[in-house]
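S.K.: There's a structure below that I have some questions on.
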Amino acid sequence: MLVDSHCHLSYDDFAEDFDEMIERAKENGVTTMLNAGNNIGEIEEQLALSEKYPFIYTAVGVHPHNASEYEDIKVQDFIKWTTHKKIVAIGECGLDYYYDYSPKDVQIKVFREQIKAAQETGLPLIIHTRDADDDTISILSEMYKDKPFSGEIHCFSSSKELADFALSIGFYISASGMITFNKSGDLRDIFAEIPLERILVETDSPFLAPVPQRGKRNEPAFVLHTAEKLAQLRGISLDKLAEITSNNFFKLFRKASDKGRYEY
C-alpha cells in the first residue's frame with residue numbers, strides 16, 4: 001500500500017493512456033493519489049477526475065508560476081471550493097524565485113491568501129518553494145504565529161534550515177524522485193534525519209521521474225522507486241516505509257481519512 005501524495009493527473013501528458021496509467025499504479029501497490037492544483041481555473045476538471053475515481057483526491061490552489069494570472073484573488077475564492085468532499089488541501093502554492101514566472105510581490109500576495117484559506121478552513125497547505133527559503137520561512141513564521149495551520153513542503157529540495165523550521169511548526173516533508181538522483185547526496189542526508197512520522201512520498205508526476213525511470217514521463221506507479229530508495233536510506237523494509245508514509249498522509253489530510261483507501 002502506497003500513497004502518491006502529490007501528482008498532476010489533469011495534465012495532457014496522461015490524456016492518451018489514463019486508465020492504463022491507473023492500472024500500472026495499482027500493480028505497484030498505489031492505493032491513493034492526491035491531484036494537486038496549479039491553476040484554480042482548472043478545478044472543475046480536477047474534481048471531475050476525483051468524482052470518477054474515488055481514490056483520487058484534489059487540492060485547490062494557485063502555483064507561484066501562475067500567480068500573475070490571479071493577482072487579485074482573495075481567500076474566499078479558495079474557500080468556496082473546500083466544501084466539496086474530495087478537496088482535502090489548499091495548494092500547491094508558495095514561492096519560486098528560480099524561474100520567477102510571476103513577480104515576487106505577486107507570488108507573495110497570492111501565497112498569503114492561500115495561507116489564510118488554510119487558516120480559515122483547517123485544511124492543510126501544500127507548499128512549493130524553490131530558491132526562496134528565507135521568504136518562505138519568514139512568511140510562514142509570521143502567519144503561523146497569528147493563527148496556526150498544518151501543511152507540508154512538497155517535493156522537498158531545499159536547505160536543512162527550511163526542513164528544521166517546517167518540522168518545528170508541525171509540518172510534513174515530502175520526498176520526490178529527486179532523492180534517487182546521483183547528485184542528490186545532500187538531499188538524502190536531510191531525509192536520513194527527518195522523523196519518519198513526518199515523511200511523505202510523491203511523484204510530482206508528470207515531472208521528475210525517479211531512477212530507474214529517469215528521463216521518462218513520471219506517473220504514480222513510479223512512487224514505488226522513491227519509496228524503495230527512502231526505505232533503503234532509513235534501514236527499514238519497503239512494507240514498513242509504505243505503511244508509515246500512508247498513515248502520515250491520512251493524518252495530515254484528515255478529510256481523506258482511512259475511508260479513502262478505496263479498492264479499484
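We label chains A, B, ... in the order they appear in the C-alpha cells, count residues from 1 in each chain, and number ligands from 1 in the order shown.
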Among the residues of stretch 27-224 of chain A, find those DSSP assigns to helix (DSSP H, G or I) from the backbone and print them as number ranges by chain.

M.R.: A: 27, 40-52, 64-70, 75-79, 104-121, 133-146, 160-168, 177-180, 185-191, 196-198, 220-224

S.K.: Point out the residue among A:Val60, A:Val201, A:Ala227, A:Val110 with the least atom-to-atom distance to A:Cys155, counting only C-alpha atoms.

M.R.: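 Among the listed residues, the smallest separation from A:Cys155 belongs to A:Val201.
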
S.K.: Return as a list of chain:residue names the full set of residues in stretch 19-76 of chain A whose backbone-based DSSP assignment is strand (DSSP E).

M.R.: A:Val30, A:Thr31, A:Thr32, A:Met33, A:Leu34, A:Asn35, A:Ile56, A:Tyr57, A:Thr58, A:Ala59, A:Val60

S.K.: At what distance in Å, to one decimal, does atom CA of A:Gln76 lie from atom CA of A:Arg198?

M.R.: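 Taking atom CA of A:Arg198 and atom CA of A:Gln76, their separation equals 29.6 Å.
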
S.K.: Work out how far atom CA of A:Leu241 is from atom CA of A:Val211, in Å to one decimal.

M.R.: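 It comes out at 18.2 Å.
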
S.K.: Leaving out A:Leu167 and any residue of its chain fewer than 3 positions from it, which residues lie within 12 Å of it when counting only C-alpha atoms, given as a list in words?

M.R.: Ile137, Ser150, Gly151, Glu152, Ile153, Lys160, Glu161, Leu162, Ala163, Asp164, Gly170, Phe171, Tyr172, Ile173, Ser174, Glu193, Ile194, Pro195, Leu196, Glu197, Arg198 and Ile199 of chain A

S.K.: For stretch 2-10 of chain A, please output as an MDAnalysis selection string all residues within 7 Å (counting only C-alpha atoms; exclusion window: fewer than 3 positions along the same chain).

M.R.: chainID A and resid 14 29:36 46 200:206 220 223 242 246 249

S.K.: For A:Lys80, which of A:Ile108, A:Ala48, A:Ile126, A:Ile40 is the closest residue, counting only C-alpha atoms?

M.R.: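 So, comparing all the options, the nearest one is A:Ile40.
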
S.K.: Show me, as a PDB file with N, CA and C atoms, in the first residue's frame, the residues that have an atom within 6 Å of stretch 129-132 of chain A when counting only C-alpha atoms, minus same-chain residues fewer than 5 positions from it.

M.R.:
```pdb
ATOM      1  N   GLY A  94       2.952  28.833  -3.020  1.00  0.00           N
ATOM      2  CA  GLY A  94       4.258  29.130  -2.444  1.00  0.00           C
ATOM      3  C   GLY A  94       5.027  30.148  -3.248  1.00  0.00           C
ATOM      4  N   LEU A  95       6.347  29.945  -3.282  1.00  0.00           N
ATOM      5  CA  LEU A  95       7.257  30.903  -3.915  1.00  0.00           C
ATOM      6  C   LEU A  95       8.264  30.163  -4.783  1.00  0.00           C
ATOM      7  N   ASP A  96       8.506  30.687  -5.976  1.00  0.00           N
ATOM      8  CA  ASP A  96       9.517  30.112  -6.864  1.00  0.00           C
ATOM      9  C   ASP A  96      10.332  31.242  -7.455  1.00  0.00           C
ATOM     10  N   TYR A  97      11.516  31.477  -6.867  1.00  0.00           N
ATOM     11  CA  TYR A  97      12.391  32.541  -7.335  1.00  0.00           C
ATOM     12  C   TYR A  97      13.424  32.016  -8.338  1.00  0.00           C
ATOM     13  N   TYR A  98      13.364  30.725  -8.625  1.00  0.00           N
ATOM     14  CA  TYR A  98      14.288  30.156  -9.616  1.00  0.00           C
ATOM     15  C   TYR A  98      13.834  30.555 -11.025  1.00  0.00           C
TER      16      TYR A  98
END
```

S.K.: Which residues are near A:Lys85? Cut-off 12 Å, only C-alpha atoms, ignore same chain within fewer than 4 positions. Put them as a PyMOL selection string.

M.R.: chain A and resi 47+50-51+54+56-59+81+89+123+254-257+260

S.K.: Find the residues near A:Val75: any atom within 9 Å, counting only C-alpha atoms, skip ones fewer than 6 places away on the same chain, and give them as a list in words.

M.R.: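 Near A:Val75, the qualifying residues are Val110, Arg112, Glu113, Gln114, Ile115, Lys116, Ala117 and Glu120 of chain A.
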
S.K.: Per residue of stretch 156-225 of chain A within 9 Å of stretch 140-143 of chain A, note the shortest atom pair and the distance in Å to one decimal, counting only C-alpha atoms, and order the rows by chain and increasing residue number, as a Markdown table.

M.R.:
```
| residue | atom | partner | partner_atom | distance |
| --- | --- | --- | --- | --- |
| A:Phe165 | CA | A:Ser141 | CA | 8.7 |
| A:Ala166 | CA | A:Leu140 | CA | 8.9 |
| A:Ile169 | CA | A:Ser141 | CA | 8.5 |
```

S.K.: Store the residues picked out above in a file with N, CA and C atoms, as an mmCIF file, in the first residue's frame.

M.R.:
```cif
data_model
loop_
_atom_site.group_PDB
_atom_site.id
_atom_site.type_symbol
_atom_site.label_atom_id
_atom_site.label_comp_id
_atom_site.auth_asym_id
_atom_site.auth_seq_id
_atom_site.Cartn_x
_atom_site.Cartn_y
_atom_site.Cartn_z
ATOM 1 N N PHE A 165 12.814 24.208 10.213
ATOM 2 C CA PHE A 165 11.724 25.138 10.515
ATOM 3 C C PHE A 165 10.367 24.474 10.284
ATOM 4 N N ALA A 166 10.224 23.807 9.133
ATOM 5 C CA ALA A 166 8.951 23.165 8.825
ATOM 6 C C ALA A 166 8.573 22.150 9.904
ATOM 7 N N ILE A 169 7.108 23.634 13.200
ATOM 8 C CA ILE A 169 5.708 24.059 13.239
ATOM 9 C C ILE A 169 4.768 22.903 12.896
#
```

S.K.: Measuring between only C-alpha atoms, which one of A:Ser168, A:Ala221, A:Asp135, A:Leu252 shows the shortest distance to A:Met1?

M.R.: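 Checking each of A:Ser168, A:Ala221, A:Asp135, A:Leu252 against A:Met1, counting only C-alpha atoms, the winner is A:Ala221.
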
S.K.: Restricting the calculation to only C-alpha atoms: of A:Gly37, A:Tyr70, A:Phe191, A:Phe181, which residue gets closest to A:Leu125?

M.R.: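 When distances to A:Leu125 are compared using only C-alpha atoms, the smallest one comes from A:Gly37.
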
S.K.: Go through A:Thr245, A:Thr180, A:Ser158, A:Thr83 one by one, measure the shortest atom-to-atom distance of each to A:Gln213 using only C-alpha atoms, and give the residue with the smallest value.

M.R.: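 The answer is A:Thr180, which sits nearest to A:Gln213.
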
S.K.: Could you please determine the separation between atom CA of A:Lys109 and atom CA of A:Ser176 in Å, to one decimal place?

M.R.: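 Going from atom CA of A:Lys109 over to atom CA of A:Ser176 covers 27.1 Å.
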